[in-house]
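**Q** A single structure is presented below for examination.
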Amino acid sequence: MKEEMSLVDHLGELRKRIMWVLLMLVIGMVIGLVFARSLIRFLKSVPPANGIEWNVFSPWDSLKLYMNFGLVVGLLITLPIALYHIWAFVKPGLRVSEQKASIMYIPAVFIFFLAGLSFGYFVVFPLAFHFTSSISQSLEINEVYGVSQYFSFMFNILIPLSLVFEMPIVVMFLTKIRLLNPKLLQKFRRYAYMLMVVLSTLITPPDAISAILVSIPLIILYEIGVFFSTRIHRKQLLQDAEWAQESTPE
């Protein structure tokens, strides 16, 4: 009976934390909708958008644009809150040292996500846009851009890159729970490099320079993950040795 009540309490806590995250998402979306006009106008005033004319091809496009920006801003605001509640939910099952170590993942995830967003917007997106625009010009095709299509194209580049930039954090977390170790990462390094190159060619224009510009940061991120995985694994080995000594009868 006690275990059943414990499970009910556990599910009740999970429900409460999910409700807090959803409430924060709604608040974040409201904030996003308030600032959507200023944000959209700013993005329209900077390259490459300032050199093109935006159009809408459906009465719903302007509304969808507002809602999409509200959702994106809401997700950005909610991300650290959601990560904190995930940590707080699993906290009772962690040791004190693990609690202190794991809470550091929260700001790291957010920082790396913003870094991927920035890299995608300032580096990859302009390359992709100018490449596709050059193809249209070489074919003497008149470029008429729909606002919905423009931002879909942009976010299809930014979101995957932002998620890829979380790779070091994922590697560190998987090492922490002992699903990965630096030897395994080093063993599959060449395959990981190949995967990074393939991924960079998929999200950039099909030219060597663009692929290299994107693949180099991805490879660096992988090596950062290997470096921190090595440090975490070394500490785990020392802890295992200490526990083995403590449990050995004299």
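Residue numbering restarts at 1 for every chain of the structure tokens, chains are lettered A, B, ... in their displayed order, and ligands are numbered from 1 as they appear.
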List the neighbours of Tyr105 in chain A out to 10 Å using only C-alpha atoms; skip same-chain residues closer than 2 positions along the sequence, and give me the result as a ChimeraX atom specification.

**A** /A:80,83-84,87,100-103,107-111,169-170,172-173

**Q** Please produce a file of the residues just selected, as a CSV table (one decimal), in the first residue's frame, where the atoms kept are N, CA and C atoms.

**A**
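Printed below is result.csv as written:
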chain,number,residue,atom,x,y,z
A,80,PRO,N,14.9,26.7,-20.2
A,80,PRO,CA,15.6,26.5,-18.9
A,80,PRO,C,14.6,26.2,-17.7
A,83,LEU,N,14.0,22.4,-18.1
A,83,LEU,CA,15.1,21.7,-17.7
A,83,LEU,C,15.3,21.6,-16.2
A,84,TYR,N,15.0,22.7,-15.5
A,84,TYR,CA,15.0,22.8,-14.1
A,84,TYR,C,14.0,21.8,-13.5
A,87,TRP,N,15.2,18.3,-13.8
A,87,TRP,CA,16.2,18.0,-12.8
A,87,TRP,C,15.6,17.9,-11.4
A,100,LYS,N,24.6,18.2,-7.6
A,100,LYS,CA,25.4,19.4,-7.9
A,100,LYS,C,25.9,19.4,-9.3
A,101,ALA,N,26.3,18.2,-9.7
A,101,ALA,CA,26.9,18.1,-11.1
A,101,ALA,C,25.8,18.3,-12.2
A,102,SER,N,24.7,17.6,-11.9
A,102,SER,CA,23.7,17.6,-13.0
A,102,SER,C,23.0,19.0,-13.1
A,103,ILE,N,22.9,19.8,-12.1
A,103,ILE,CA,22.2,21.1,-12.2
A,103,ILE,C,23.0,22.0,-13.1
A,107,PRO,N,22.1,25.5,-17.4
A,107,PRO,CA,22.6,26.6,-18.1
A,107,PRO,C,23.4,26.2,-19.4
A,108,ALA,N,24.1,25.1,-19.3
A,108,ALA,CA,24.9,24.6,-20.4
A,108,ALA,C,24.0,24.3,-21.6
A,109,VAL,N,22.9,23.6,-21.4
A,109,VAL,CA,22.0,23.3,-22.5
A,109,VAL,C,21.5,24.6,-23.2
A,110,PHE,N,21.1,25.5,-22.3
A,110,PHE,CA,20.5,26.8,-22.9
A,110,PHE,C,21.6,27.6,-23.6
A,111,ILE,N,22.8,27.6,-23.1
A,111,ILE,CA,23.9,28.4,-23.8
A,111,ILE,C,24.2,27.7,-25.1
A,169,ILE,N,26.7,18.2,-24.5
A,169,ILE,CA,25.9,18.0,-23.3
A,169,ILE,C,25.3,16.6,-23.3
A,170,VAL,N,24.8,16.2,-24.4
A,170,VAL,CA,24.3,14.8,-24.5
A,170,VAL,C,25.4,13.8,-24.2
A,172,MET,N,28.1,14.2,-22.4
A,172,MET,CA,28.4,14.3,-21.0
A,172,MET,C,27.4,13.6,-20.2
A,173,PHE,N,26.1,13.8,-20.5
A,173,PHE,CA,25.0,13.2,-19.7
A,173,PHE,C,25.1,11.6,-19.9

**Q** DSSP on the backbone, helix (DSSP H, G or I) only: what residues of range 133-180 of chain A does that give? Format it as a CSV table (one decimal) with N, CA and C atoms, in the first residue's frame.

**A**
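Listing of result29.csv after writing:
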chain,number,residue,atom,x,y,z
A,133,SER,N,19.5,31.9,-54.0
A,133,SER,CA,19.1,33.1,-54.7
A,133,SER,C,20.0,33.2,-56.0
A,134,SER,N,21.2,32.8,-55.9
A,134,SER,CA,22.1,32.8,-57.1
A,134,SER,C,21.6,31.8,-58.2
A,135,ILE,N,21.1,30.7,-57.7
A,135,ILE,CA,20.5,29.8,-58.7
A,135,ILE,C,19.4,30.4,-59.5
A,136,SER,N,18.5,31.1,-58.7
A,136,SER,CA,17.3,31.7,-59.3
A,136,SER,C,17.8,32.8,-60.3
A,137,GLN,N,18.8,33.6,-60.0
A,137,GLN,CA,19.3,34.6,-60.8
A,137,GLN,C,19.9,34.0,-62.1
A,138,SER,N,20.7,32.9,-61.9
A,138,SER,CA,21.3,32.3,-63.1
A,138,SER,C,20.3,31.7,-64.1
A,147,VAL,N,6.3,35.3,-47.0
A,147,VAL,CA,6.9,35.5,-45.7
A,147,VAL,C,6.9,34.2,-44.9
A,148,SER,N,5.8,33.4,-45.1
A,148,SER,CA,5.8,32.1,-44.5
A,148,SER,C,6.9,31.1,-45.0
A,149,GLN,N,7.1,31.1,-46.3
A,149,GLN,CA,8.1,30.3,-46.9
A,149,GLN,C,9.5,30.7,-46.4
A,150,TYR,N,9.7,32.0,-46.4
A,150,TYR,CA,11.0,32.6,-46.0
A,150,TYR,C,11.4,32.1,-44.6
A,151,PHE,N,10.5,32.2,-43.6
A,151,PHE,CA,10.8,31.8,-42.2
A,151,PHE,C,10.8,30.3,-42.1
A,152,SER,N,10.0,29.6,-42.9
A,152,SER,CA,10.1,28.1,-42.8
A,152,SER,C,11.5,27.7,-43.3
A,153,PHE,N,12.0,28.3,-44.3
A,153,PHE,CA,13.3,28.0,-44.8
A,153,PHE,C,14.4,28.3,-43.7
A,154,MET,N,14.2,29.4,-43.1
A,154,MET,CA,15.2,29.8,-42.1
A,154,MET,C,15.2,28.9,-40.9
A,155,PHE,N,14.0,28.6,-40.3
A,155,PHE,CA,13.9,27.7,-39.1
A,155,PHE,C,14.2,26.3,-39.4
A,156,ASN,N,14.0,25.8,-40.7
A,156,ASN,CA,14.5,24.5,-41.0
A,156,ASN,C,16.0,24.3,-41.0
A,157,ILE,N,16.7,25.4,-41.0
A,157,ILE,CA,18.1,25.4,-40.8
A,157,ILE,C,18.5,25.6,-39.4
A,158,LEU,N,17.9,26.6,-38.7
A,158,LEU,CA,18.3,27.0,-37.4
A,158,LEU,C,18.0,25.9,-36.3
A,159,ILE,N,16.8,25.3,-36.4
A,159,ILE,CA,16.4,24.4,-35.3
A,159,ILE,C,17.3,23.1,-35.3
A,160,PRO,N,17.5,22.5,-36.5
A,160,PRO,CA,18.4,21.3,-36.5
A,160,PRO,C,19.8,21.7,-36.0
A,161,LEU,N,20.3,22.8,-36.4
A,161,LEU,CA,21.7,23.2,-35.9
A,161,LEU,C,21.7,23.4,-34.4
A,162,SER,N,20.7,24.1,-33.9
A,162,SER,CA,20.6,24.3,-32.5
A,162,SER,C,20.6,23.0,-31.7
A,163,LEU,N,19.9,22.0,-32.2
A,163,LEU,CA,19.8,20.7,-31.5
A,163,LEU,C,21.2,20.0,-31.7
A,164,VAL,N,21.9,20.1,-32.8
A,164,VAL,CA,23.2,19.5,-33.0
A,164,VAL,C,24.2,20.1,-32.0
A,167,MET,N,25.2,18.5,-28.7
A,167,MET,CA,25.9,17.2,-28.7
A,167,MET,C,26.9,17.0,-27.5
A,168,PRO,N,27.7,18.0,-27.1
A,168,PRO,CA,28.6,17.8,-26.0
A,168,PRO,C,27.8,17.6,-24.7
A,169,ILE,N,26.7,18.2,-24.5
A,169,ILE,CA,25.9,18.0,-23.3
A,169,ILE,C,25.3,16.6,-23.3
A,170,VAL,N,24.8,16.2,-24.4
A,170,VAL,CA,24.3,14.8,-24.5
A,170,VAL,C,25.4,13.8,-24.2
A,171,VAL,N,26.6,14.0,-24.8
A,171,VAL,CA,27.7,13.1,-24.5
A,171,VAL,C,28.0,13.0,-23.1
A,172,MET,N,28.1,14.2,-22.4
A,172,MET,CA,28.4,14.3,-21.0
A,172,MET,C,27.4,13.6,-20.2
A,173,PHE,N,26.1,13.8,-20.5
A,173,PHE,CA,25.0,13.2,-19.7
A,173,PHE,C,25.1,11.6,-19.9
A,174,LEU,N,25.3,11.2,-21.1
A,174,LEU,CA,25.3,9.7,-21.3
A,174,LEU,C,26.5,9.1,-20.7
A,175,THR,N,27.6,9.8,-20.6
A,175,THR,CA,28.8,9.4,-19.8
A,175,THR,C,28.5,9.3,-18.4
A,176,LYS,N,27.8,10.3,-17.9
A,176,LYS,CA,27.4,10.4,-16.5
A,176,LYS,C,26.6,9.2,-16.0

**Q** Considering only C-alpha atoms, state which residue in the set A:Arg178, A:Leu11, A:Pro59, A:Gly70 is at the smallest distance from Ile27 in chain A.

**A** A:Gly70

**Q** Between CA of Leu23 in chain A and CA of Gln99 in chain A, measure the distance and give it in Å to one decimal.

**A** 25.5 Å

**Q** If I take CA of Leu185 in chain A and CA of Glu166 in chain A, how far is one from the other in Å, to one decimal?

**A** 16.0 Å

**Q** Between CA of Ala192 in chain A and CA of Phe129 in chain A, what is the spacing in Å?

**A**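 So the answer is 27.4 Å.
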